[in-house]
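Novice: Starting off with a structure, shown below.
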Amino acid sequence: MDRALRRRLEARFGKVLTGPVRQRHDETEIRIGAGDVPEVLLALHDEPDFRFGLLSDLAGVDTGTSMQTVYHLWSDSSGDWLRVIADGLSRDDPRVPSVTFLWKGAEWMEREAYDMFGITFEGNRDLRRIYMPPDYASFPLRKDFFLADDASRSPAGGVRHMEQTHGPTNAEAGARIRQAPAS
Amino acid sequence: MTTTRTPFDIPAHASSDDPRVTLDEQLGVFEPIPPYPPRTEREAEFYTLRDGEMFVNMGPQHPSTHGVLRVVLKIDGEKVVDLDPVLGYLHRGVEKLCENADYHQAICYMDPLEYISSLFCEWSPVMAFEKLLDVQVPRRAEYIRVLSGELNRIASHALFMGWFALDLGGLTPILWSFIERDEIVEMLAALTGQRMLFNYFRIGGVNGDLNHEFMSRLGAWMSKATAHIDSNQALLNENEIFVRRARGLGVIDTATALQMCMTGPNLRATGVPFDIRRAHPYSIYPELDFDIPSRTEGDCLARYLLRMDEVRQSLRIIDQCLHQMPDGPVMAKLPRLIRPRPGRAYAAIEGPRGQYATYAISDGTDQPYRMRIHDPSFIHLQSVGLLTPGNLIADTMAIMASLDPIMGGVDK
């Protein structure tokens, strides 16, 4: 664990952090609001204290009540992976600014998150489905999308056509949706 | 604009699997290439033809796409103006499957991702789960992981060499490189019980200890490996046709490579000696003595030569592993049913193609709540669109092969 990084992060981003800085093993985690993503990542990328030049991963997460986008960064200034969680995106219309202005390579990762979760990355010039066919209407990695053969959780008893979807979700009203652990 | 015939009671986006769509009221086939309303700026720009330009589909069954990939090329004569890779032909939804499997089962789904280097696909999720569980892996297990992993890296690079030459039009190298690869694959089959989809790493260790057949095969191979690999490489490194074709093709500079989130050999070929084995050490790599080769040209030839340098470093690592291997158990003591405490873990390793990473979230049940798999092939394939325009159609395959994407990993 890199205590110095934690102090630097708290000193620099104290105001925009929406939760405490957490550290475990070789990971440091900060939480920010969706609107602060470009500003925070630009500072982490450019400022000599941080120099997080490599976007190691970009992922979407559905917590069951809200959406998140998660960025993992690497820097030579710290021995830790830095995890930036942009929290609290609404599930009905998740929106977050794109980071393609910093890392052009994030374009496909954002397309994947859009394809799987329906998260709209504002500023991504090519935000269309990447894996699923263009006429597909659902977002498969959302927690209210049940697998065809997942009999234990499927409200219809496990028999349904995988692509028989009529809206952004295929969960029946009142279906039990898995929730992320409260952190 | 092609008109799609849609009966009134069927929603326009209904799939042809929909039981309400009967044979005589077929939906109009969704046009794979527009005209349909372009969804993004980029798509509109790409699918607008100027005078003298035309589209050509490469794939999905084209042999040089290393799997099932369709690339829509916009060409002007023999020159590629722009291209649009179309993915998803191999998409299996592994991340979703993992959310519905328990922690042990999830590892089985990792092998077919990059079927050329399966051990590395298993390694990062196993490490992430171990972090969630706070398990200490026995040292002998770590040595076995590194040993088998480096063997797999050599097998992967051997195949890369053959493929790359094949895509440039040379048939012989792939026959030669398969000699090495086959020997390693048989060796790993003796160790793991499978030739390609090993399913060997376990949470807390590996499936079985080293056995006699593996060790005798490895010993016999190691005694002649260096000479074999040198003679294989002499076939290409001194071939003027190959070298002149690959030199200066698909050049990418350091800043752009970092912007494109490249890792692994493709980034090191631009002059950055970034290797997670050294940059963010894991397993027993800090105790081993090896170099991180890097080159500055950033072209196809540099990417090829760099991988060949890595093979020699892998041989060094294998040698050290065999000499330093401690005795002891190969599995940590763990219950069969694993329920990690709620939490998040991220683990990244250096594979033959770059950074493999897993981000796992546990909610306290026996199934991962979310499992994100980061695959280097996916990231590197993206750069083909940046490197190819301005080159000939035949160079598209060469550039793609030099980035070494595996479609199983790209499509997940």
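By order of appearance in the structure tokens: chains A, B, ..., then residues from 1 within every chain, and ligands from 1 in the order shown.
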Using only C-alpha atoms and a distance of at most 7 Å, pull out the residues of chain A that contact chain B, as a list in words.

Specialist: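 Those within range of chain B come out as Leu54, Leu55, Asp57, Ala59, Gly79, Leu102, Trp103, Lys104, Gly105, Arg125, Asp126, Leu127, Arg128, Ile130, Tyr131, Met132, Asp135, Tyr136, Ala137, Leu141, Glu163, Gln164, Ala180 and Pro181 of chain A.
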
Novice: Determine which residues of range 18-108 of chain A receive a DSSP assignment of strand (DSSP E), computed from the backbone, and state them as a ChimeraX atom specification.

Specialist: /A:22-24,27-33,54-62,67-74,81-89,95-97

Novice: Name all residues at most 9 Å from range 230-241 of chain B (count only C-alpha atoms; drop same-chain ones fewer than 6 positions away) and give them as a list in words.

Specialist: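 Contacts, with the query itself left out: Met161, Ala165, Thr172, Pro173, Trp176, Ser177, Leu305 and Met308 of chain B.
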
Novice: Residues at most 10 Å from Asp36 in chain A, counting only C-alpha atoms, excluding those fewer than 5 positions away in the same chain, as a list of chain:residue names?

Specialist: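 Here the qualifying residues turn out to be A:Val16, A:Leu17, A:Leu41, A:Ala86, A:Val96, A:Pro97.
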
Novice: Write the selection just made, keeping C-alpha atoms, as a CSV table (one decimal), in the first residue's frame?

Specialist:
```csv
chain,number,residue,atom,x,y,z
A,16,VAL,CA,-14.3,16.2,-5.6
A,17,LEU,CA,-14.0,12.9,-3.8
A,41,LEU,CA,-8.3,12.1,-15.0
A,86,ALA,CA,-17.2,7.3,-11.2
A,96,VAL,CA,-20.5,10.1,-18.3
A,97,PRO,CA,-18.0,12.2,-20.2
```

Novice: Pick out the residues sitting within 9 Å of range 293-295 of chain B, and hand them over as an MDAnalysis selection string; count only C-alpha atoms, and ignore anything fewer than 6 positions along from it in its own chain.

Specialist: chainID B and resid 265 267:274 302:303 305:307 309:310 313

Novice: For the selection just defined, write its residues with C-alpha atoms to a file, as a PDB file, in the first residue's frame.

Specialist:
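The resulting file, result-v3.pdb, is reproduced below:
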```pdb
ATOM      1  CA  PRO B 265       5.639  -6.092 -27.136  1.00  0.00           C
ATOM      2  CA  LEU B 267       4.528  -0.802 -26.794  1.00  0.00           C
ATOM      3  CA  ARG B 268       8.080  -1.986 -26.137  1.00  0.00           C
ATOM      4  CA  ALA B 269       8.791  -1.894 -29.870  1.00  0.00           C
ATOM      5  CA  THR B 270       8.315   1.879 -29.704  1.00  0.00           C
ATOM      6  CA  GLY B 271      11.052   2.308 -27.118  1.00  0.00           C
ATOM      7  CA  VAL B 272       9.260   2.079 -23.751  1.00  0.00           C
ATOM      8  CA  PRO B 273      10.609  -0.811 -21.672  1.00  0.00           C
ATOM      9  CA  PHE B 274       7.235  -1.230 -19.933  1.00  0.00           C
ATOM     10  CA  ALA B 302      10.702  -4.192 -34.661  1.00  0.00           C
ATOM     11  CA  ARG B 303       7.610  -5.870 -33.266  1.00  0.00           C
ATOM     12  CA  LEU B 305      12.333  -8.938 -33.644  1.00  0.00           C
ATOM     13  CA  LEU B 306      11.271  -7.876 -30.163  1.00  0.00           C
ATOM     14  CA  ARG B 307       9.175 -10.990 -29.715  1.00  0.00           C
ATOM     15  CA  ASP B 309      14.289 -11.397 -28.197  1.00  0.00           C
ATOM     16  CA  GLU B 310      11.653 -12.195 -25.605  1.00  0.00           C
ATOM     17  CA  GLN B 313      14.649 -14.122 -22.088  1.00  0.00           C
TER      18      GLN B 313
END
```

Novice: Measuring atom to atom with only C-alpha atoms, identify which of B:Asp182, B:Leu49, B:Phe242, B:Cys98 is nearest to Gly169 in chain B.

Specialist: B:Phe242

Novice: Choose the residue, out of A:Gly33, A:Ser77, A:Ser90, A:Asp46, that has the smallest atom-to-atom separation from Arg8 in chain A; count only C-alpha atoms.

Specialist: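 Closest candidate: A:Ser77.
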
Novice: Select from range 113-160 of chain B every residue with an atom at most 9 Å from any atom of range 332-336 of chain B, then for each give the shortest pair of atoms and their distance in Å to one decimal, using only C-alpha atoms, rows by chain and rising number, as a Markdown table.

Specialist:
```
| residue | atom | partner | partner_atom | distance |
| --- | --- | --- | --- | --- |
| B:Val135 | CA | B:Ala332 | CA | 7.4 |
| B:Gln136 | CA | B:Ala332 | CA | 7.0 |
| B:Val137 | CA | B:Ala332 | CA | 5.9 |
| B:Pro138 | CA | B:Ala332 | CA | 6.2 |
| B:Ala141 | CA | B:Ala332 | CA | 9.0 |
```

Novice: Which value, in Å to one decimal, gives the distance between CA of Ile154 in chain B and CA of Asp26 in chain A?

Specialist: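 CA of Ile154 in chain B sits 28.9 Å away from CA of Asp26 in chain A.
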
Novice: Between CA of Glu27 in chain A and CA of Gln367 in chain B, what is the distance, to one decimal in Å?

Specialist: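 The value is 22.1 Å.
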
Novice: Would you mind telling me which residue in A:Val84, A:Met67, A:Thr100, A:Arg111 lies nearest to Val40 in chain A when using only C-alpha atoms?

Specialist: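 Nearest to Val40 in chain A: A:Val84.
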